[in-house]
file start-v9.csv (CSV, C-alpha atoms)
chain,number,residue,atom,x,y,z
A,1,MET,CA,34.0,-0.9,-13.4
A,2,PHE,CA,30.6,-2.5,-12.8
A,3,LYS,CA,28.4,-2.8,-9.7
A,4,ARG,CA,28.6,-6.1,-7.8
A,5,PHE,CA,25.0,-6.5,-6.7
A,6,ARG,CA,25.8,-10.0,-5.5
A,7,ARG,CA,27.8,-8.7,-2.6
A,8,LEU,CA,24.6,-8.2,-0.6
A,9,ARG,CA,23.3,-11.6,-1.6
A,10,ILE,CA,26.2,-13.6,-0.4
A,11,ASN,CA,24.6,-15.2,2.6
A,12,PRO,CA,21.1,-15.5,4.2
A,13,ALA,CA,21.8,-13.0,7.0
A,14,LEU,CA,22.7,-10.2,4.5
A,15,ARG,CA,19.8,-11.0,2.3
A,16,ASP,CA,17.5,-10.7,5.3
A,17,MET,CA,19.0,-7.4,6.3
A,18,VAL,CA,18.5,-5.7,2.9
A,19,ARG,CA,15.1,-7.3,2.1
A,20,GLU,CA,12.8,-4.5,0.9
A,21,THR,CA,9.4,-6.1,1.4
A,22,SER,CA,8.1,-8.1,4.3
A,23,LEU,CA,5.1,-10.4,4.8
A,24,SER,CA,3.4,-10.7,8.2
A,25,VAL,CA,0.3,-12.4,9.6
A,26,ASN,CA,-0.9,-8.9,10.3
A,27,ASP,CA,-1.4,-8.5,6.6
A,28,PHE,CA,-4.0,-11.3,6.2
A,29,ILE,CA,-7.7,-11.3,6.2
A,30,TYR,CA,-9.2,-14.8,6.0
A,31,PRO,CA,-12.5,-15.4,4.2
A,32,LEU,CA,-15.1,-17.6,6.0
A,33,PHE,CA,-18.5,-18.8,4.7
A,34,VAL,CA,-21.3,-19.4,7.1
A,35,VAL,CA,-24.4,-21.5,6.5
A,36,GLU,CA,-27.3,-22.5,8.6
A,37,GLY,CA,-27.5,-25.7,10.6
A,38,LYS,CA,-25.2,-27.4,13.1
A,39,GLY,CA,-22.1,-29.6,12.6
A,40,VAL,CA,-21.8,-28.5,9.0
A,41,LYS,CA,-18.4,-28.4,7.4
A,42,ASN,CA,-18.7,-28.9,3.6
A,43,GLU,CA,-15.4,-28.8,1.7
A,44,ILE,CA,-15.6,-27.1,-1.7
A,45,ALA,CA,-14.4,-29.5,-4.4
A,46,SER,CA,-12.9,-26.6,-6.5
A,47,MET,CA,-11.2,-25.1,-3.5
A,48,PRO,CA,-9.5,-27.7,-1.3
A,49,GLY,CA,-9.2,-26.6,2.3
A,50,VAL,CA,-12.1,-24.1,2.0
A,51,TYR,CA,-15.4,-24.9,3.6
A,52,GLN,CA,-19.0,-23.9,4.1
A,53,MET,CA,-19.5,-24.0,7.9
A,54,SER,CA,-22.3,-23.7,10.4
A,55,ILE,CA,-21.8,-21.2,13.2
A,56,ASP,CA,-20.5,-23.8,15.7
A,57,GLU,CA,-17.8,-24.9,13.2
A,58,ILE,CA,-17.1,-21.3,12.3
A,59,LEU,CA,-16.3,-20.7,16.0
A,60,LYS,CA,-13.8,-23.6,16.0
A,61,GLU,CA,-12.2,-22.1,12.9
A,62,CYS,CA,-12.0,-18.7,14.5
A,63,GLU,CA,-10.2,-20.3,17.5
A,64,GLU,CA,-7.6,-21.8,15.1
A,65,ILE,CA,-7.2,-18.4,13.3
A,66,VAL,CA,-6.7,-16.5,16.5
A,67,ASN,CA,-4.1,-19.1,17.7
A,68,LEU,CA,-2.2,-18.6,14.4
A,69,GLY,CA,-2.0,-14.9,15.1
A,70,ILE,CA,-4.3,-13.9,12.2
A,71,LYS,CA,-6.2,-10.8,13.3
A,72,SER,CA,-9.1,-10.5,10.8
A,73,ILE,CA,-11.7,-12.5,8.9
A,74,ILE,CA,-14.1,-11.4,6.2
A,75,LEU,CA,-17.5,-13.1,6.6
A,76,PHE,CA,-19.9,-14.2,3.9
A,77,GLY,CA,-23.4,-15.5,4.7
A,78,ILE,CA,-25.2,-18.1,2.7
A,79,PRO,CA,-28.9,-18.5,3.8
A,80,SER,CA,-31.0,-21.6,3.2
A,81,LEU,CA,-33.9,-19.5,1.7
A,82,LYS,CA,-33.3,-16.9,-1.0
A,83,ASP,CA,-35.7,-14.5,-2.6
A,84,SER,CA,-35.6,-11.7,-5.2
A,85,VAL,CA,-34.5,-9.0,-2.7
A,86,GLY,CA,-32.2,-10.9,-0.4
A,87,SER,CA,-34.4,-10.6,2.6
A,88,ASP,CA,-32.2,-12.7,4.9
A,89,ALA,CA,-29.5,-10.1,4.5
A,90,LEU,CA,-31.8,-7.4,5.9
A,91,SER,CA,-32.8,-9.2,9.0
A,92,SER,CA,-31.1,-9.3,12.5
A,93,ASP,CA,-32.3,-12.9,12.6
A,94,GLY,CA,-30.5,-13.7,9.3
A,95,ILE,CA,-27.4,-15.9,8.9
A,96,ILE,CA,-24.9,-13.1,8.8
A,97,ALA,CA,-26.3,-11.2,11.8
A,98,THR,CA,-26.5,-14.3,13.9
A,99,ALA,CA,-23.0,-15.4,13.0
A,100,LEU,CA,-21.7,-11.9,13.8
A,101,ARG,CA,-23.1,-11.9,17.3
A,102,ALA,CA,-21.7,-15.4,18.0
A,103,ILE,CA,-18.2,-14.6,16.7
A,104,LYS,CA,-17.9,-11.3,18.5
A,105,ASP,CA,-19.2,-12.8,21.7
A,106,LYS,CA,-16.5,-15.4,21.8
A,107,PHE,CA,-13.7,-13.5,20.0
A,108,PRO,CA,-14.2,-9.8,20.7
A,109,ASN,CA,-10.7,-8.9,19.6
A,110,LEU,CA,-11.0,-10.6,16.2
A,111,VAL,CA,-11.6,-8.0,13.5
A,112,VAL,CA,-14.7,-9.1,11.6
A,113,VAL,CA,-15.1,-7.6,8.2
A,114,THR,CA,-18.5,-8.2,6.6
A,115,ASP,CA,-19.0,-8.6,2.9
A,116,LEU,CA,-22.0,-6.4,2.0
A,117,CYS,CA,-23.8,-7.7,-1.1
A,118,PHE,CA,-26.9,-9.5,-2.2
A,119,CYS,CA,-25.6,-12.2,-4.6
A,120,GLU,CA,-25.5,-14.8,-1.9
A,121,TYR,CA,-28.9,-13.9,-0.7
A,122,THR,CA,-31.0,-13.6,-3.9
A,123,ASP,CA,-32.6,-16.3,-5.9
A,124,HIS,CA,-31.3,-14.7,-9.1
A,125,GLY,CA,-27.7,-14.5,-7.9
A,126,HIS,CA,-27.2,-10.9,-8.9
A,127,CYS,CA,-25.9,-8.2,-6.5
A,128,GLY,CA,-29.1,-6.2,-6.0
A,129,ILE,CA,-32.6,-5.4,-7.2
A,130,ILE,CA,-33.4,-6.4,-10.7
A,131,ASP,CA,-34.4,-3.8,-13.3
A,132,HIS,CA,-36.6,-6.0,-15.5
A,133,VAL,CA,-36.9,-3.3,-18.2
A,134,HIS,CA,-33.2,-3.2,-18.9
A,135,ASN,CA,-32.4,-6.7,-17.6
A,136,THR,CA,-29.7,-5.4,-15.2
A,137,ILE,CA,-29.4,-4.2,-11.6
A,138,ASP,CA,-31.3,-1.1,-10.5
A,139,ASN,CA,-28.4,0.9,-9.1
A,140,ASP,CA,-30.3,3.3,-6.8
A,141,ALA,CA,-32.9,0.8,-5.5
A,142,THR,CA,-29.9,-1.4,-4.6
A,143,LEU,CA,-28.3,1.5,-2.7
A,144,GLU,CA,-31.4,1.8,-0.6
A,145,ILE,CA,-31.4,-1.8,0.6
A,146,SER,CA,-27.6,-1.8,0.9
A,147,ALA,CA,-28.0,1.0,3.5
A,148,LYS,CA,-30.4,-1.3,5.4
A,149,GLN,CA,-28.0,-4.2,5.2
A,150,ALA,CA,-25.2,-2.0,6.5
A,151,LEU,CA,-27.2,-1.1,9.6
A,152,VAL,CA,-27.9,-4.8,10.2
A,153,HIS,CA,-24.1,-5.5,10.1
A,154,ALA,CA,-23.3,-2.5,12.3
A,155,GLN,CA,-25.9,-3.2,14.9
A,156,ASN,CA,-24.8,-6.8,15.2
A,157,GLY,CA,-21.1,-6.2,15.8
A,158,ALA,CA,-19.3,-5.8,12.5
A,159,ASP,CA,-15.9,-4.1,12.9
A,160,MET,CA,-15.7,-3.1,9.2
A,161,ILE,CA,-18.1,-3.2,6.3
A,162,ALA,CA,-16.9,-4.1,2.7
A,163,PRO,CA,-19.5,-3.5,0.0
A,164,SER,CA,-18.7,-5.7,-3.0
A,165,GLY,CA,-21.6,-5.1,-5.4
A,166,MET,CA,-20.0,-2.3,-7.4
A,167,MET,CA,-23.0,0.0,-7.3
A,168,ASP,CA,-22.2,3.7,-8.2
A,169,GLY,CA,-22.4,5.8,-5.1
A,170,ILE,CA,-22.3,2.9,-2.6
A,171,ILE,CA,-19.6,4.4,-0.4
A,172,ALA,CA,-21.3,7.8,-0.1
A,173,THR,CA,-24.6,6.0,0.7
A,174,LEU,CA,-23.1,3.8,3.4
A,175,ARG,CA,-21.0,6.6,5.0
A,176,GLU,CA,-24.1,8.8,5.3
A,177,THR,CA,-26.2,6.0,6.7
A,178,LEU,CA,-23.7,4.8,9.2
A,179,ASP,CA,-22.8,8.4,10.3
A,180,SER,CA,-26.4,9.4,10.8
A,181,ASN,CA,-27.1,6.3,12.9
A,182,GLY,CA,-24.3,6.6,15.4
A,183,PHE,CA,-21.7,4.5,13.6
A,184,GLU,CA,-19.4,7.2,12.4
A,185,ASN,CA,-16.4,5.3,13.7
A,186,LEU,CA,-17.2,2.1,11.7
A,187,PRO,CA,-14.7,1.9,8.8
A,188,VAL,CA,-15.7,1.0,5.2
A,189,MET,CA,-13.4,-1.0,3.0
A,190,ALA,CA,-14.4,-0.3,-0.6
A,191,TYR,CA,-14.3,-3.0,-3.3
A,192,SER,CA,-13.2,0.0,-5.2
A,193,THR,CA,-11.7,-1.6,-8.3
A,194,LYS,CA,-13.5,-4.9,-8.9
A,195,PHE,CA,-13.2,-6.5,-12.3
A,196,ALA,CA,-15.7,-8.8,-14.1
A,197,SER,CA,-13.2,-11.7,-13.8
A,198,ALA,CA,-13.1,-15.3,-14.8
A,199,TYR,CA,-10.9,-15.8,-11.7
A,200,TYR,CA,-14.0,-15.8,-9.5
A,201,GLY,CA,-15.2,-19.1,-10.8
A,202,PRO,CA,-14.7,-21.3,-7.8
A,203,PHE,CA,-16.2,-18.7,-5.5
A,204,ARG,CA,-19.5,-19.2,-7.1
A,205,ASP,CA,-19.3,-22.8,-5.8
A,206,VAL,CA,-18.7,-21.9,-2.2
A,207,ALA,CA,-21.0,-18.9,-2.0
A,208,GLN,CA,-23.7,-20.4,-4.2
A,209,SER,CA,-24.0,-17.1,-6.0
A,210,ALA,CA,-23.8,-17.8,-9.7
A,211,PRO,CA,-26.2,-15.5,-11.7
A,212,SER,CA,-29.3,-17.3,-12.9
A,213,PHE,CA,-29.2,-15.2,-16.1
A,214,GLY,CA,-26.7,-12.9,-17.9
A,215,ASP,CA,-23.5,-11.8,-16.2
A,216,ARG,CA,-22.2,-8.9,-14.0
A,217,LYS,CA,-20.4,-7.0,-16.7
A,218,SER,CA,-22.8,-4.0,-16.5
A,219,TYR,CA,-21.6,-3.3,-12.9
A,220,GLN,CA,-18.3,-5.0,-12.4
A,221,MET,CA,-15.3,-3.5,-14.4
A,222,ASP,CA,-14.0,-4.3,-17.8
A,223,SER,CA,-10.6,-6.1,-17.2
A,224,ALA,CA,-9.1,-4.1,-20.0
A,225,ASN,CA,-9.6,-0.7,-18.4
A,226,ARG,CA,-6.7,0.6,-16.3
A,227,LEU,CA,-7.7,4.3,-16.2
A,228,GLU,CA,-11.3,3.6,-15.3
A,229,ALA,CA,-10.1,1.3,-12.5
A,230,ILE,CA,-8.1,4.1,-11.0
A,231,ASN,CA,-11.0,6.5,-11.4
A,232,GLU,CA,-13.3,4.2,-9.6
A,233,SER,CA,-11.0,3.8,-6.6
A,234,LEU,CA,-10.3,7.5,-6.4
A,235,GLN,CA,-14.0,8.3,-6.5
A,236,ASP,CA,-14.5,5.9,-3.6
A,237,GLU,CA,-11.8,7.6,-1.7
A,238,ALA,CA,-13.5,11.0,-2.3
A,239,GLN,CA,-16.8,9.5,-1.0
A,240,GLY,CA,-15.3,8.5,2.3
A,241,ALA,CA,-13.8,5.0,1.9
A,242,ASP,CA,-11.2,4.1,4.6
A,243,ILE,CA,-9.5,1.4,2.7
A,244,LEU,CA,-9.4,0.7,-1.1
A,245,MET,CA,-9.3,-2.7,-2.7
A,246,VAL,CA,-8.3,-4.2,-6.0
A,247,LYS,CA,-9.9,-7.5,-6.9
A,248,PRO,CA,-8.7,-9.9,-8.3
A,249,ALA,CA,-5.0,-9.4,-7.4
A,250,LEU,CA,-2.7,-11.5,-9.5
A,251,ALA,CA,-3.6,-10.3,-13.0
A,252,TYR,CA,-4.0,-6.6,-11.9
A,253,LEU,CA,-0.8,-5.8,-10.1
A,254,ASP,CA,-0.3,-2.8,-12.5
A,255,VAL,CA,-3.5,-1.3,-11.1
A,256,VAL,CA,-2.3,-2.0,-7.6
A,257,ARG,CA,1.0,-0.3,-8.2
A,258,GLU,CA,-0.5,2.8,-9.9
A,259,LEU,CA,-3.2,3.1,-7.2
A,260,ARG,CA,-0.5,2.9,-4.5
A,261,ASN,CA,1.2,5.9,-6.2
A,262,LEU,CA,-2.0,7.9,-6.2
A,263,THR,CA,-3.5,7.4,-2.7
A,264,LEU,CA,-2.4,7.6,0.9
A,265,LEU,CA,-5.1,5.3,2.0
A,266,PRO,CA,-4.4,1.7,3.0
A,267,LEU,CA,-4.7,-0.6,0.0
A,268,CYS,CA,-6.1,-4.2,0.1
A,269,VAL,CA,-6.0,-6.9,-2.6
A,270,TYR,CA,-8.3,-9.9,-2.8
A,271,ASN,CA,-6.4,-13.0,-3.7
A,272,VAL,CA,-9.4,-14.6,-5.2
A,273,SER,CA,-10.7,-18.2,-5.5
A,274,GLY,CA,-9.4,-18.9,-9.0
A,275,GLU,CA,-5.9,-17.8,-8.0
A,276,TYR,CA,-6.0,-20.1,-5.0
A,277,ALA,CA,-7.5,-23.0,-6.9
A,278,LEU,CA,-4.8,-22.8,-9.6
A,279,LEU,CA,-2.0,-23.1,-7.0
A,280,LYS,CA,-3.8,-26.0,-5.4
A,281,ALA,CA,-4.2,-27.7,-8.8
A,282,GLY,CA,-0.6,-27.2,-9.5
A,283,ALA,CA,0.4,-28.7,-6.2
A,284,LYS,CA,-1.8,-31.7,-6.9
A,285,ALA,CA,-0.3,-32.2,-10.3
A,286,GLY,CA,3.1,-32.0,-8.8
A,287,ILE,CA,4.3,-29.3,-11.1
A,288,ILE,CA,5.0,-26.5,-8.5
A,289,ASP,CA,6.6,-26.2,-5.1
A,290,TYR,CA,3.3,-25.1,-3.5
A,291,ASP,CA,4.6,-23.4,-0.4
A,292,ARG,CA,7.3,-21.4,-2.3
A,293,VAL,CA,4.9,-20.3,-5.1
A,294,MET,CA,2.3,-19.3,-2.5
A,295,MET,CA,4.7,-17.2,-0.5
A,296,GLU,CA,6.2,-15.7,-3.6
A,297,THR,CA,2.7,-14.7,-4.8
A,298,LEU,CA,1.8,-13.1,-1.5
A,299,ILE,CA,5.0,-11.1,-1.3
A,300,GLY,CA,4.4,-10.0,-4.8
A,301,PHE,CA,1.1,-8.4,-3.7
A,302,LYS,CA,3.0,-6.5,-0.9
A,303,ARG,CA,5.8,-5.5,-3.3
A,304,ALA,CA,3.2,-4.0,-5.7
A,305,GLY,CA,1.9,-1.8,-2.9
A,306,ALA,CA,-0.8,-3.7,-1.0
A,307,ASN,CA,-1.0,-3.3,2.8
A,308,LEU,CA,-3.6,-6.0,3.3
A,309,ILE,CA,-4.3,-9.3,1.6
A,310,ILE,CA,-7.6,-11.1,1.7
A,311,THR,CA,-6.5,-14.7,1.0
A,312,TYR,CA,-7.6,-18.3,1.4
A,313,HIS,CA,-3.9,-19.1,1.9
A,314,ALA,CA,-3.8,-17.1,5.2
A,315,LYS,CA,-3.7,-20.1,7.6
A,316,GLU,CA,-1.0,-21.9,5.5
A,317,ALA,CA,1.1,-18.8,5.2
A,318,ALA,CA,0.8,-18.0,8.9
A,319,LYS,CA,2.1,-21.5,9.8
A,320,ILE,CA,5.1,-20.9,7.5
A,321,LEU,CA,5.8,-17.5,8.9
A,322,ARG,CA,5.6,-18.8,12.4
A,323,GLY,CA,8.2,-21.4,11.6
call {"tool": "encode", "arguments": {"input": "start-v9.csv", "output": "structure tokens"}}
result
Amino acid sequence: MFKRFRRLRINPALRDMVRETSLSVNDFIYPLFVVEGKGVKNEIASMPGVYQMSIDEILKECEEIVNLGIKSIILFGIPSLKDSVGSDALSSDGIIATALRAIKDKFPNLVVVTDLCFCEYTDHGHCGIIDHVHNTIDNDATLEISAKQALVHAQNGADMIAPSGMMDGIIATLRETLDSNGFENLPVMAYSTKFASAYYGPFRDVAQSAPSFGDRKSYQMDSANRLEAINESLQDEAQGADILMVKPALAYLDVVRELRNLTLLPLCVYNVSGEYALLKAGAKAGIIDYDRVMMETLIGFKRAGANLIITYHAKEAAKILRG
């Protein structure tokens, strides 16, 4: 006697009834990149369908997002002027603060997550204050200005803050700062396991954030280290993170699954630029069924244990799910 698994695959209705993992527009967070100016909508050559947009164009994009049923965006700011400490990120007149106010004024129910980092705002492209003696990032000095940046985001309407710089102690620093300034109910989504990955390549084009020297391997994680990855995330949970994240997603689903087994917190994955660009290139070359591969990839993130997916595919997937 053998088990006939095919009995429950015999027709579409049965397959739908026993499907273990589901995908919904509620799972998606859509990345947006705001620049200064008006009427600006610059497509990124390495990421077809992804744009740098001025605030007026961002508002049009948000209207489309809301109409598709997508409930959240993650916002990245790209200022015209950059300096060594990312001053624009610390100002309520800066690009991220100005965009936040405009978006929340017109779309108060759209959940706006803000990426908190300095790589887009600094002239050197690194994620904080440079330690020139050791030619790396000064961790604790960066924590100080990260706290200031968090208050700018909170005071201008952010619904959630997501610090991506991989500084040790960042979650504890932000939680203490937010709580002591009356923002104890503002959640923090930790980039808790963020690898030093080649999959980020196209993002550097859209965010204009490539390091002017060296790399980020002294603060982002070694892609070979599974145990350290879990330790990083569990430390962020202990420091007060509300949501944990694994970034990138596709090559690190083992980490996603193990972390899912070790935490009760919501878990997010970032389906990064290189993952998106590879599928777009495959579609252009005619070697994959783009829609099917995209949806299979997204369901794979959910099956591995993710609750939320930051993805450039969000609008396309939402249209497919809507039917």
call {"tool": "residues_around", "arguments": {"input": "start-v9.csv", "residues": "A:Thr114", "least_positions_apart": "4", "cutoff": "7 Å", "atoms": "only C-alpha atoms", "output": "PyMOL selection string"}}
result
chain A and resi 74-76+158+160-162
call {"tool": "atom_distance", "arguments": {"input": "start-v9.csv", "atom1": "atom CA of A:Val112", "atom2": "atom CA of A:Asp27"}}
result
14.2 Å
call {"tool": "residues_around", "arguments": {"input": "start-v9.csv", "residues": "A:Ala238", "least_positions_apart": "4", "cutoff": "9 Å", "atoms": "only C-alpha atoms", "output": "list in words"}}
result
Ala172, Ser233 and Leu234 of chain A
call {"tool": "closest_residue", "arguments": {"input": "start-v9.csv", "among": "A:Ala249, A:Leu23, A:Leu68, A:Ala190", "to": "A:Gly274", "atoms": "all atoms listed in the file"}}
result
A:Ala249
call {"tool": "closest_residue", "arguments": {"input": "start-v9.csv", "among": "A:Glu61, A:Asp105, A:Glu232, A:Glu296", "to": "A:Ser22", "atoms": "all atoms listed in the file"}}
result
A:Glu296
call {"tool": "closest_residue", "arguments": {"input": "start-v9.csv", "among": "A:Glu228, A:Asp140, A:Glu64, A:Asp88", "to": "A:Phe118", "atoms": "all atoms listed in the file"}}
result
A:Asp88
call {"tool": "residues_near_point", "arguments": {"input": "start-v9.csv", "point": "(5.9, -10.0, -2.6)", "cutoff": "12 Å", "atoms": "all atoms listed in the file", "output": "count of residues only"}}
result
28
call {"tool": "atom_distance", "arguments": {"input": "start-v9.csv", "atom1": "atom CA of A:Lys194", "atom2": "atom CA of A:Tyr270"}}
result
9.4 Å
call {"tool": "closest_residue", "arguments": {"input": "start-v9.csv", "among": "A:Ile95, A:Asp115, A:Val85, A:Leu262", "to": "A:Pro31", "atoms": "all atoms listed in the file"}}
result
A:Asp115
call {"tool": "closest_residue", "arguments": {"input": "start-v9.csv", "among": "A:Leu174, A:Leu143, A:Val35, A:Met167", "to": "A:Tyr121", "atoms": "all atoms listed in the file"}}
result
A:Val35
call {"tool": "closest_residue", "arguments": {"input": "start-v9.csv", "among": "A:Met1, A:Leu321, A:Val113, A:Leu259", "to": "A:Pro187", "atoms": "only C-alpha atoms"}}
result
A:Val113
